[in-house]
file model.cif (mmCIF, N, CA and C atoms)
data_work
loop_
_atom_site.label_atom_id
_atom_site.label_comp_id
_atom_site.auth_asym_id
_atom_site.auth_seq_id
_atom_site.Cartn_x
_atom_site.Cartn_y
_atom_site.Cartn_z
N VAL A 1 2.73 -29.98 6.21
CA VAL A 1 3.14 -31.28 5.74
C VAL A 1 3.69 -31.17 4.32
N ALA A 2 3.04 -30.37 3.49
CA ALA A 2 3.51 -30.22 2.11
C ALA A 2 4.87 -29.53 2.07
N LEU A 3 5.08 -28.56 2.94
CA LEU A 3 6.37 -27.89 2.99
C LEU A 3 7.46 -28.85 3.42
N ALA A 4 7.17 -29.69 4.41
CA ALA A 4 8.16 -30.67 4.87
C ALA A 4 8.49 -31.66 3.76
N GLN A 5 7.51 -32.02 2.96
CA GLN A 5 7.76 -32.97 1.87
C GLN A 5 8.65 -32.37 0.80
N THR A 6 8.60 -31.06 0.64
CA THR A 6 9.46 -30.44 -0.37
C THR A 6 10.85 -30.13 0.17
N LEU A 7 10.97 -29.93 1.48
CA LEU A 7 12.26 -29.55 2.05
C LEU A 7 13.12 -30.73 2.49
N PHE A 8 12.49 -31.85 2.84
CA PHE A 8 13.23 -32.97 3.42
C PHE A 8 13.08 -34.22 2.57
N PRO A 9 14.12 -35.04 2.52
CA PRO A 9 14.01 -36.30 1.79
C PRO A 9 13.07 -37.26 2.52
N PRO A 10 12.55 -38.27 1.82
CA PRO A 10 11.58 -39.18 2.44
C PRO A 10 12.10 -39.85 3.72
N ALA A 11 13.39 -40.13 3.79
CA ALA A 11 13.92 -40.79 4.98
C ALA A 11 13.90 -39.88 6.20
N ALA A 12 13.90 -38.57 6.00
CA ALA A 12 13.94 -37.63 7.11
C ALA A 12 12.64 -36.84 7.23
N LEU A 13 11.58 -37.31 6.62
CA LEU A 13 10.33 -36.57 6.58
C LEU A 13 9.73 -36.38 7.98
N ALA A 14 9.73 -37.41 8.80
CA ALA A 14 9.15 -37.30 10.14
C ALA A 14 9.95 -36.31 10.98
N ARG A 15 11.26 -36.36 10.88
CA ARG A 15 12.09 -35.40 11.62
C ARG A 15 11.89 -33.98 11.09
N GLY A 16 11.72 -33.85 9.80
CA GLY A 16 11.48 -32.53 9.22
C GLY A 16 10.16 -31.94 9.65
N GLN A 17 9.12 -32.78 9.71
CA GLN A 17 7.82 -32.31 10.16
C GLN A 17 7.87 -31.89 11.63
N SER A 18 8.60 -32.65 12.45
CA SER A 18 8.70 -32.28 13.86
C SER A 18 9.51 -31.00 14.02
N LEU A 19 10.54 -30.80 13.21
CA LEU A 19 11.32 -29.57 13.26
C LEU A 19 10.46 -28.37 12.87
N LEU A 20 9.73 -28.48 11.77
CA LEU A 20 8.87 -27.38 11.35
C LEU A 20 7.76 -27.11 12.36
N GLY A 21 7.22 -28.16 12.96
CA GLY A 21 6.20 -27.97 13.99
C GLY A 21 6.73 -27.29 15.23
N SER A 22 7.92 -27.69 15.66
CA SER A 22 8.49 -27.06 16.85
C SER A 22 8.87 -25.61 16.58
N LEU A 23 9.33 -25.31 15.37
CA LEU A 23 9.62 -23.92 15.04
C LEU A 23 8.34 -23.09 14.95
N GLY A 24 7.34 -23.66 14.31
CA GLY A 24 6.09 -22.91 14.12
C GLY A 24 5.34 -22.68 15.42
N TYR A 25 5.19 -23.71 16.22
CA TYR A 25 4.42 -23.59 17.45
C TYR A 25 5.29 -23.16 18.62
N GLY A 26 6.46 -23.75 18.76
CA GLY A 26 7.32 -23.43 19.89
C GLY A 26 7.91 -22.04 19.80
N LEU A 27 8.59 -21.75 18.70
CA LEU A 27 9.22 -20.44 18.54
C LEU A 27 8.16 -19.35 18.39
N GLY A 28 7.12 -19.64 17.64
CA GLY A 28 6.05 -18.65 17.48
C GLY A 28 5.32 -18.37 18.78
N GLY A 29 5.02 -19.41 19.54
CA GLY A 29 4.35 -19.23 20.83
C GLY A 29 5.22 -18.49 21.83
N MET A 30 6.51 -18.84 21.84
CA MET A 30 7.42 -18.19 22.77
C MET A 30 7.58 -16.70 22.44
N SER A 31 7.78 -16.38 21.16
CA SER A 31 7.95 -14.97 20.80
C SER A 31 6.66 -14.19 21.02
N GLY A 32 5.51 -14.81 20.78
CA GLY A 32 4.24 -14.13 21.04
C GLY A 32 4.02 -13.89 22.52
N ALA A 33 4.38 -14.86 23.36
CA ALA A 33 4.24 -14.67 24.80
C ALA A 33 5.18 -13.59 25.31
N LEU A 34 6.41 -13.58 24.81
CA LEU A 34 7.35 -12.53 25.23
C LEU A 34 6.89 -11.15 24.79
N ALA A 35 6.42 -11.06 23.55
CA ALA A 35 5.96 -9.76 23.04
C ALA A 35 4.72 -9.28 23.80
N SER A 36 3.79 -10.19 24.08
CA SER A 36 2.59 -9.76 24.80
C SER A 36 2.92 -9.36 26.25
N GLY A 37 3.88 -10.05 26.87
CA GLY A 37 4.29 -9.65 28.21
C GLY A 37 4.95 -8.29 28.22
N TRP A 38 5.79 -8.04 27.21
CA TRP A 38 6.44 -6.73 27.12
C TRP A 38 5.39 -5.64 26.90
N LEU A 39 4.44 -5.90 25.99
CA LEU A 39 3.39 -4.91 25.74
C LEU A 39 2.56 -4.65 26.99
N TRP A 40 2.24 -5.70 27.71
CA TRP A 40 1.43 -5.55 28.94
C TRP A 40 2.15 -4.66 29.94
N ASP A 41 3.46 -4.90 30.12
CA ASP A 41 4.21 -4.14 31.11
C ASP A 41 4.50 -2.70 30.68
N HIS A 42 4.80 -2.49 29.40
CA HIS A 42 5.26 -1.18 28.97
C HIS A 42 4.20 -0.30 28.32
N VAL A 43 3.15 -0.88 27.79
CA VAL A 43 2.13 -0.08 27.10
C VAL A 43 0.82 -0.09 27.88
N GLY A 44 0.40 -1.26 28.33
CA GLY A 44 -0.84 -1.36 29.09
C GLY A 44 -1.48 -2.72 28.88
N PRO A 45 -2.42 -3.06 29.77
CA PRO A 45 -3.01 -4.41 29.70
C PRO A 45 -3.87 -4.66 28.46
N GLU A 46 -4.38 -3.62 27.83
CA GLU A 46 -5.22 -3.85 26.64
C GLU A 46 -4.39 -4.02 25.38
N SER A 47 -3.13 -3.63 25.41
CA SER A 47 -2.30 -3.64 24.21
C SER A 47 -2.03 -5.04 23.64
N PRO A 48 -1.82 -6.08 24.44
CA PRO A 48 -1.63 -7.41 23.80
C PRO A 48 -2.87 -7.87 23.04
N TYR A 49 -4.04 -7.51 23.54
CA TYR A 49 -5.27 -7.91 22.85
C TYR A 49 -5.42 -7.15 21.54
N LEU A 50 -5.08 -5.87 21.55
CA LEU A 50 -5.14 -5.10 20.31
C LEU A 50 -4.10 -5.60 19.31
N ALA A 51 -2.93 -5.98 19.80
CA ALA A 51 -1.91 -6.54 18.90
C ALA A 51 -2.38 -7.87 18.32
N ALA A 52 -3.07 -8.67 19.13
CA ALA A 52 -3.60 -9.94 18.63
C ALA A 52 -4.65 -9.71 17.56
N VAL A 53 -5.46 -8.68 17.72
CA VAL A 53 -6.46 -8.34 16.70
C VAL A 53 -5.76 -7.97 15.39
N LEU A 54 -4.69 -7.19 15.48
CA LEU A 54 -3.95 -6.81 14.27
C LEU A 54 -3.33 -8.03 13.59
N VAL A 55 -2.79 -8.94 14.37
CA VAL A 55 -2.21 -10.15 13.79
C VAL A 55 -3.27 -10.98 13.10
N VAL A 56 -4.43 -11.11 13.73
CA VAL A 56 -5.52 -11.89 13.13
C VAL A 56 -6.02 -11.24 11.84
N LEU A 57 -6.12 -9.92 11.84
CA LEU A 57 -6.55 -9.24 10.61
C LEU A 57 -5.54 -9.40 9.49
N CYS A 58 -4.26 -9.35 9.84
CA CYS A 58 -3.22 -9.59 8.82
C CYS A 58 -3.31 -11.02 8.29
N ALA A 59 -3.50 -11.97 9.18
CA ALA A 59 -3.63 -13.37 8.75
C ALA A 59 -4.87 -13.56 7.88
N LEU A 60 -5.95 -12.89 8.22
CA LEU A 60 -7.16 -12.96 7.41
C LEU A 60 -6.90 -12.40 6.02
N GLY A 61 -6.19 -11.29 5.95
CA GLY A 61 -5.86 -10.71 4.64
C GLY A 61 -5.00 -11.65 3.80
N VAL A 62 -4.03 -12.31 4.44
CA VAL A 62 -3.20 -13.27 3.71
C VAL A 62 -4.03 -14.45 3.24
N ALA A 63 -4.93 -14.92 4.09
CA ALA A 63 -5.78 -16.06 3.72
C ALA A 63 -6.70 -15.70 2.56
N VAL A 64 -7.30 -14.53 2.62
CA VAL A 64 -8.21 -14.10 1.54
C VAL A 64 -7.43 -13.92 0.24
N ALA A 65 -6.24 -13.35 0.33
CA ALA A 65 -5.42 -13.17 -0.87
C ALA A 65 -5.02 -14.53 -1.45
N GLY A 66 -4.80 -15.51 -0.60
CA GLY A 66 -4.44 -16.84 -1.08
C GLY A 66 -5.61 -17.61 -1.67
N LEU A 67 -6.83 -17.22 -1.34
CA LEU A 67 -8.00 -17.91 -1.85
C LEU A 67 -8.46 -17.37 -3.20
N ARG A 68 -7.93 -16.23 -3.60
CA ARG A 68 -8.32 -15.68 -4.90
C ARG A 68 -7.84 -16.57 -6.01
N PRO A 69 -8.67 -16.78 -7.03
CA PRO A 69 -8.23 -17.61 -8.14
C PRO A 69 -7.08 -16.93 -8.91
N GLY A 70 -6.06 -17.69 -9.13
CA GLY A 70 -4.92 -17.17 -9.84
C GLY A 70 -4.84 -17.76 -11.25
N PRO A 71 -3.82 -17.42 -11.99
CA PRO A 71 -3.71 -17.91 -13.36
C PRO A 71 -3.46 -19.42 -13.43
N TYR A 72 -3.04 -20.03 -12.34
CA TYR A 72 -2.76 -21.47 -12.35
C TYR A 72 -4.00 -22.30 -12.08
N ARG A 73 -5.13 -21.68 -11.75
CA ARG A 73 -6.32 -22.46 -11.43
C ARG A 73 -7.20 -22.62 -12.64
#

call {"tool": "encode", "arguments": {"input": "model.cif", "output": "structure tokens"}}
result
Amino acid sequence: VALAQTLFPPAALARGQSLLGSLGYGLGGMSGALASGWLWDHVGPESPYLAAVLVVLCALGVAVAGLRPGPYR
């Protein structure tokens, strides 16, 4: 929501939020499903789960790095 407020004018805020939501969930979900299907077929059935673990660990690292107090706090 905060990103949409900075990217879109107030008159287009609802459309901007729906665009960012569809890109984040729709495009992200579609690319994740395609990648996991490719991994399942070409590497093996356990590989999508291992890839999901790696993505979650990367997200955890980003979240922890974002929670550290910075000079602006």

call {"tool": "atom_distance", "arguments": {"input": "model.cif", "atom1": "atom CA of A:Val43", "atom2": "atom C of A:Met30"}}
result
18.1 Å

call {"tool": "residues_around", "arguments": {"input": "model.cif", "residues": "A:Ser47", "least_positions_apart": "5", "cutoff": "8 Å", "atoms": "all atoms listed in the file", "output": "ChimeraX atom specification"}}
result
/A:35-36,39-40,52-53

call {"tool": "write_last_selection", "arguments": {"input": "model.cif", "atoms": "N, CA and C atoms", "output": "PDB file, in the frame of the given file"}}
result
ATOM      1  N   ALA A  35       6.420 -11.060  23.550  1.00  0.00           N
ATOM      2  CA  ALA A  35       5.960  -9.760  23.040  1.00  0.00           C
ATOM      3  C   ALA A  35       4.720  -9.280  23.800  1.00  0.00           C
ATOM      4  N   SER A  36       3.790 -10.190  24.080  1.00  0.00           N
ATOM      5  CA  SER A  36       2.590  -9.760  24.800  1.00  0.00           C
ATOM      6  C   SER A  36       2.920  -9.360  26.250  1.00  0.00           C
ATOM      7  N   LEU A  39       4.440  -5.900  25.990  1.00  0.00           N
ATOM      8  CA  LEU A  39       3.390  -4.910  25.740  1.00  0.00           C
ATOM      9  C   LEU A  39       2.560  -4.650  26.990  1.00  0.00           C
ATOM     10  N   TRP A  40       2.240  -5.700  27.710  1.00  0.00           N
ATOM     11  CA  TRP A  40       1.430  -5.550  28.940  1.00  0.00           C
ATOM     12  C   TRP A  40       2.150  -4.660  29.940  1.00  0.00           C
ATOM     13  N   ALA A  52      -3.070  -8.670  19.130  1.00  0.00           N
ATOM     14  CA  ALA A  52      -3.600  -9.940  18.630  1.00  0.00           C
ATOM     15  C   ALA A  52      -4.650  -9.710  17.560  1.00  0.00           C
ATOM     16  N   VAL A  53      -5.460  -8.680  17.720  1.00  0.00           N
ATOM     17  CA  VAL A  53      -6.460  -8.340  16.700  1.00  0.00           C
ATOM     18  C   VAL A  53      -5.760  -7.970  15.390  1.00  0.00           C
TER      19      VAL A  53
END

call {"tool": "atom_distance", "arguments": {"input": "model.cif", "atom1": "atom CA of A:Leu57", "atom2": "atom CA of A:Gln17"}}
result
27.2 Å

call {"tool": "atom_distance", "arguments": {"input": "model.cif", "atom1": "atom CA of A:Leu7", "atom2": "atom CA of A:Leu20"}}
result
10.1 Å

call {"tool": "select_by_dssp", "arguments": {"input": "model.cif", "residues": "chain A", "states": "helix (DSSP H, G or I)", "output": "PyMOL selection string"}}
result
chain A and resi 2-7+10-42+47-67
